[in-house]
Amino acid sequence: MSRLGSAHAIRIQGLGHTYPGHSAPALRDVSFEVARGEVVAVLGPSGAGKTTLFRCLTQLIAFEQGLVELAGRRLGELHGRELSLARREVGLIFQQFNLVRRLTAEQNVLAGRLGRVPAWRVVLRRFEPSDRALAQASLARVGLSDQARQRADRLSGGQQQRVAIARVLAQQSALVLADEPVSSLDPASASDVLDTLRGVARERGITVLSSLHQVDLAIAFADRIVGLRDGRVVVDAPTSGFGDDDYAIIFGRPRRTANVPPGQATPA
Amino acid sequence: MADWAGRAWPPETADLGLLLLRAAETAAIALVGTTLAAVLALATCTMAARNLTPSAFVRLPTRWLLNTLRGIDSFVFAILFVAAVGLGPFAGVLGVALHTWGSMAKLFAETIEDVPAGPLDAVRLTGASRVKLVSYALVPDVLPGLSSIGLYMLEFNVRTSTVLGIVGAGGIGLELKNSLDLLNFPRLLTVIVIILLMVTAVDQLSSRLRRRLG
């Protein structure tokens, strides 16, 4: 497989995109790489291009310039069946969870198997015991075994997003892309979901690229932060070295520390 | 009118058996026609829905076909089919099926277009093929809505089918026309009462089922 030839899970070079009818590009000359097993946060204010980047990586939009490789496969070169085969290698997590609302939690997790299960089994809902066991184990890993038969639209937001993580686990993807996975959640559920995602990534060596707009969450979650502003990469630093000056570059204003109102911070 | 109504009493019950058989034929025309239409509509509705068929090359011709079918009334189709396949309920079934196919597929497609895009994207991006996507992620979401539309169309078609016999396409409409032509008002009254009872019963049944689905 060509995938063995590449040390990087994601390689983005000179990626640029302008939406029709807009004068300013949504992404300009974006380049960075993500190593296998690395957990990377794309941090930026809203409108910085995070969602556009995500939509380019998932090929929900066809980008105009640049080169993107996921797991050694170049995007844009695959069509039809080959594209479907490539897609099942990449797990996705969305801001709005995107569970099928009338299916149970467990059926939503089984959806992660659809790329590998024969069509007749899907139509008749006759999954192999091994697929069902994998789905149950995935739900157990995110702590939702007791909700397996609950309809997705009856779960809380945090629970729905954990079902979405279980779906990615059932998909057995080595690479997960997450677009603002916690921006619809309350702070407690948000750190809970990110902890779960980081935990499974560590255990299984999964590469994760996630967009986030809260710096505290990004620092707690990622190994590295790629800062995006006005469609450009303005910061690319390991989380350990991420400082207030990096914050200011990304968000265009000084970082306010929690509990300390602006202007009262003691000078260093 | 009062004179006619007076001459219609009491209703004639001599060939009640035949009239009930004709009423059953009417209900059967509606049921078989609607079922055929449902199969054809299910097969074509995804091709008319923008979210599942972004390609205009497939979607627009499908829409044109469906709009044409919808634009021609079952009654008009029945007249054509009586000429083509001869007198009898088969012509009625074909007429009902073709017109209903157009209406039903259009309503199905609109229901499908209202499904939120996110979950469908999520399932498609796991590498699921179109068949898997539709059967696993779309059907559970739209099934109650589609069933409700199907029942409504059935209810509507029972009413439509009562008059198909007038053009010779089977059912109780034939007896309606005969009784009127012979000025046999007591028999006409019986026919009308049977039609009213049948239509009311089907309406009640269907609305009760639809309330359960909703």
# chains A, B, ... in the order shown; residues from 1 in each chain; ligands from 1

call {"tool": "interface_residues", "arguments": {"of": "chain B", "to": "chain A", "cutoff": "7 Å", "atoms": "only C-alpha atoms", "output": "list in words"}}
result
Gly118, Pro119, Ala122, Val123, Leu125, Thr126, Gly127, Ala128, Val131, Lys132, Ser135, Tyr136, Ala137, Pro140 and Asp141 of chain B

call {"tool": "residues_around", "arguments": {"residues": "region 29-43 of chain A", "least_positions_apart": "6", "cutoff": "9 Å", "atoms": "only C-alpha atoms", "output": "PyMOL selection string"}}
result
chain A and resi 7-17+50+53+65-66+71+174-175+198+201-202+204-215+218-219+221-229+231-233+236+238+250

call {"tool": "atom_distance", "arguments": {"atom1": "CA of Arg159 (chain B)", "atom2": "CA of Val32 (chain B)"}}
result
14.2 Å

call {"tool": "atom_distance", "arguments": {"atom1": "CA of Ala109 (chain B)", "atom2": "CA of Thr62 (chain B)"}}
result
10.9 Å

call {"tool": "residues_around", "arguments": {"residues": "Thr35 (chain B)", "least_positions_apart": "2", "cutoff": "12 Å", "atoms": "only C-alpha atoms", "output": "list in words"}}
result
Ala28, Ile29, Ala30, Leu31, Val32, Gly33, Ala37, Ala38, Val39, Leu40, Ala41, Leu42, Val93, Leu94, Val96, Ala97, Leu98, Thr100, Trp101, Met104, Ser147, Gly150, Leu151, Met153, Leu154 and Asn157 of chain B

call {"tool": "write_last_selection", "arguments": {"atoms": "N, CA and C atoms", "output": "short mmCIF file (atom, residue, chain, number, x, y, z; two decimals), in the first residue's frame"}}
result
data_model
loop_
_atom_site.label_atom_id
_atom_site.label_comp_id
_atom_site.auth_asym_id
_atom_site.auth_seq_id
_atom_site.Cartn_x
_atom_site.Cartn_y
_atom_site.Cartn_z
N ALA B 28 -61.07 -2.05 -4.46
CA ALA B 28 -59.92 -2.82 -4.95
C ALA B 28 -59.13 -2.03 -5.99
N ILE B 29 -59.87 -1.33 -6.88
CA ILE B 29 -59.18 -0.49 -7.88
C ILE B 29 -58.29 0.53 -7.17
N ALA B 30 -58.85 1.17 -6.14
CA ALA B 30 -58.09 2.18 -5.39
C ALA B 30 -56.89 1.55 -4.72
N LEU B 31 -57.11 0.39 -4.09
CA LEU B 31 -56.03 -0.25 -3.33
C LEU B 31 -54.90 -0.72 -4.26
N VAL B 32 -55.28 -1.43 -5.33
CA VAL B 32 -54.26 -1.96 -6.24
C VAL B 32 -53.56 -0.81 -6.96
N GLY B 33 -54.34 0.18 -7.41
CA GLY B 33 -53.75 1.33 -8.11
C GLY B 33 -52.79 2.09 -7.22
N ALA B 37 -48.76 2.47 -7.56
CA ALA B 37 -48.20 3.82 -7.58
C ALA B 37 -47.12 3.97 -6.51
N ALA B 38 -47.36 3.39 -5.32
CA ALA B 38 -46.40 3.51 -4.23
C ALA B 38 -45.08 2.86 -4.62
N VAL B 39 -45.15 1.69 -5.26
CA VAL B 39 -43.92 1.01 -5.69
C VAL B 39 -43.17 1.87 -6.69
N LEU B 40 -43.90 2.40 -7.69
CA LEU B 40 -43.26 3.24 -8.71
C LEU B 40 -42.72 4.53 -8.08
N ALA B 41 -43.48 5.10 -7.14
CA ALA B 41 -43.05 6.35 -6.51
C ALA B 41 -41.80 6.13 -5.67
N LEU B 42 -41.75 5.00 -4.92
CA LEU B 42 -40.56 4.72 -4.11
C LEU B 42 -39.34 4.55 -5.00
N VAL B 93 -57.48 0.67 -12.77
CA VAL B 93 -56.26 0.50 -11.97
C VAL B 93 -55.10 1.26 -12.61
N LEU B 94 -54.95 1.11 -13.93
CA LEU B 94 -53.85 1.79 -14.62
C LEU B 94 -53.99 3.31 -14.51
N VAL B 96 -55.59 5.10 -12.16
CA VAL B 96 -55.28 5.52 -10.79
C VAL B 96 -53.78 5.45 -10.54
N ALA B 97 -53.16 4.34 -10.97
CA ALA B 97 -51.74 4.13 -10.69
C ALA B 97 -50.88 5.22 -11.30
N LEU B 98 -51.14 5.57 -12.57
CA LEU B 98 -50.26 6.53 -13.23
C LEU B 98 -50.38 7.94 -12.63
N THR B 100 -51.49 8.75 -9.65
CA THR B 100 -51.03 8.73 -8.26
C THR B 100 -49.51 8.63 -8.17
N TRP B 101 -48.91 7.90 -9.10
CA TRP B 101 -47.44 7.81 -9.15
C TRP B 101 -46.84 9.21 -9.18
N MET B 104 -47.66 11.13 -5.83
CA MET B 104 -47.02 10.55 -4.65
C MET B 104 -45.52 10.77 -4.68
N SER B 147 -45.57 6.93 4.77
CA SER B 147 -46.75 6.10 5.02
C SER B 147 -47.99 6.98 5.11
N GLY B 150 -49.02 7.96 1.71
CA GLY B 150 -49.60 6.81 1.02
C GLY B 150 -51.05 6.58 1.44
N LEU B 151 -51.32 6.68 2.75
CA LEU B 151 -52.68 6.48 3.24
C LEU B 151 -53.60 7.59 2.73
N MET B 153 -53.28 9.25 -0.03
CA MET B 153 -53.54 9.02 -1.45
C MET B 153 -54.56 7.89 -1.63
N LEU B 154 -54.49 6.88 -0.77
CA LEU B 154 -55.45 5.77 -0.85
C LEU B 154 -56.87 6.29 -0.61
N ASN B 157 -58.01 8.16 -3.51
CA ASN B 157 -58.29 7.32 -4.67
C ASN B 157 -59.58 6.52 -4.54
#

call {"tool": "residues_around", "arguments": {"residues": "region 165-180 of chain B", "least_positions_apart": "2", "cutoff": "7 Å", "atoms": "only C-alpha atoms", "output": "VMD selection string"}}
result
chain B and resid 19 22 to 23 25 to 26 78 to 79 82 87 to 89 91 to 92 162 to 163 182 to 185 187 to 188 191

call {"tool": "write_last_selection", "arguments": {"atoms": "C-alpha atoms", "output": "CSV table (one decimal), in the first residue's frame"}}
result
chain,number,residue,atom,x,y,z
B,19,LEU,CA,-74.0,-3.3,-5.8
B,22,ARG,CA,-69.2,-3.3,-7.4
B,23,ALA,CA,-68.3,-1.2,-4.3
B,25,GLU,CA,-64.4,-3.6,-6.9
B,26,THR,CA,-64.1,0.2,-6.5
B,78,ALA,CA,-59.1,5.9,-17.4
B,79,ILE,CA,-60.8,7.1,-20.6
B,82,VAL,CA,-60.6,2.0,-21.7
B,87,LEU,CA,-63.7,-1.9,-20.5
B,88,GLY,CA,-63.2,-3.1,-17.0
B,89,PRO,CA,-61.4,-2.5,-13.7
B,91,ALA,CA,-58.2,0.3,-17.1
B,92,GLY,CA,-59.2,1.9,-13.8
B,162,THR,CA,-66.3,5.7,-7.4
B,163,VAL,CA,-66.7,7.7,-10.7
B,182,LEU,CA,-82.8,4.3,-16.5
B,183,LEU,CA,-84.2,7.0,-14.1
B,184,ASN,CA,-84.3,4.2,-11.4
B,185,PHE,CA,-84.1,6.6,-8.4
B,187,ARG,CA,-81.6,2.1,-7.0
B,188,LEU,CA,-79.6,5.3,-7.4
B,191,VAL,CA,-75.8,3.3,-4.8

call {"tool": "residues_around", "arguments": {"residues": "Leu52 (chain B)", "least_positions_apart": "4", "cutoff": "9 Å", "atoms": "only C-alpha atoms", "output": "ChimeraX atom specification"}}
result
/B:46-48,112-113,130,134

call {"tool": "residues_around", "arguments": {"residues": "Asp246 (chain A)", "least_positions_apart": "5", "cutoff": "10 Å", "atoms": "only C-alpha atoms", "output": "ChimeraX atom specification"}}
result
/A:225,227,234-237,241,251-252,254-255

call {"tool": "write_last_selection", "arguments": {"atoms": "N, CA and C atoms", "output": "tab-separated table (two decimals), in the first residue's frame"}}
result
chain	number	residue	atom	x	y	z
A	225	ILE	N	-0.82	22.99	18.23
A	225	ILE	CA	-1.89	23.90	17.84
A	225	ILE	C	-1.50	24.60	16.54
A	227	GLY	N	-2.71	27.66	14.43
A	227	GLY	CA	-3.58	28.83	14.56
A	227	GLY	C	-3.96	29.37	13.19
A	234	VAL	N	-1.21	31.20	11.04
A	234	VAL	CA	-0.39	32.25	11.65
A	234	VAL	C	0.43	31.71	12.82
A	235	VAL	N	0.07	30.53	13.31
A	235	VAL	CA	0.82	29.91	14.41
A	235	VAL	C	0.86	28.42	14.14
A	236	ASP	N	2.00	27.78	14.39
A	236	ASP	CA	2.08	26.32	14.32
A	236	ASP	C	3.07	25.91	15.39
A	237	ALA	N	2.57	25.54	16.58
A	237	ALA	CA	3.46	25.34	17.72
A	237	ALA	C	2.99	24.17	18.57
A	241	GLY	N	4.58	24.82	24.14
A	241	GLY	CA	5.20	26.12	23.91
A	241	GLY	C	4.22	27.22	23.55
A	251	PHE	N	-6.04	35.62	17.71
A	251	PHE	CA	-7.33	36.25	17.98
A	251	PHE	C	-7.30	37.77	17.85
A	252	GLY	N	-6.10	38.35	17.70
A	252	GLY	CA	-6.00	39.79	17.49
A	252	GLY	C	-6.28	40.59	18.74
A	254	PRO	N	-5.31	40.58	23.37
A	254	PRO	CA	-4.58	39.86	24.41
A	254	PRO	C	-5.46	38.83	25.10
A	255	ARG	N	-4.81	37.79	25.60
A	255	ARG	CA	-5.55	36.72	26.26
A	255	ARG	C	-5.94	37.17	27.66

call {"tool": "closest_residue", "arguments": {"among": "A:Val142, A:Gly47, A:Ser156, A:Arg151", "to": "Asp195 (chain A)", "atoms": "only C-alpha atoms"}}
result
A:Val142

call {"tool": "atom_distance", "arguments": {"atom1": "CA of Leu120 (chain B)", "atom2": "CA of Leu27 (chain A)"}}
result
26.0 Å

call {"tool": "closest_residue", "arguments": {"among": "B:Leu138, B:Ile195, B:Leu205, B:Leu189", "to": "Ala5 (chain B)", "atoms": "only C-alpha atoms"}}
result
B:Leu189

call {"tool": "select_by_dssp", "arguments": {"residues": "region 33-263 of chain A", "states": "strand (DSSP E or B)", "output": "ChimeraX atom specification"}}
result
/A:33-35,39-43,65-70,73-74,90-93,104,151,175-178,207-212,224-229,232-238

call {"tool": "residues_around", "arguments": {"residues": "Gly71 (chain B)", "least_positions_apart": "4", "cutoff": "10 Å", "atoms": "only C-alpha atoms", "output": "ChimeraX atom specification"}}
result
/B:65-67,99,102-103
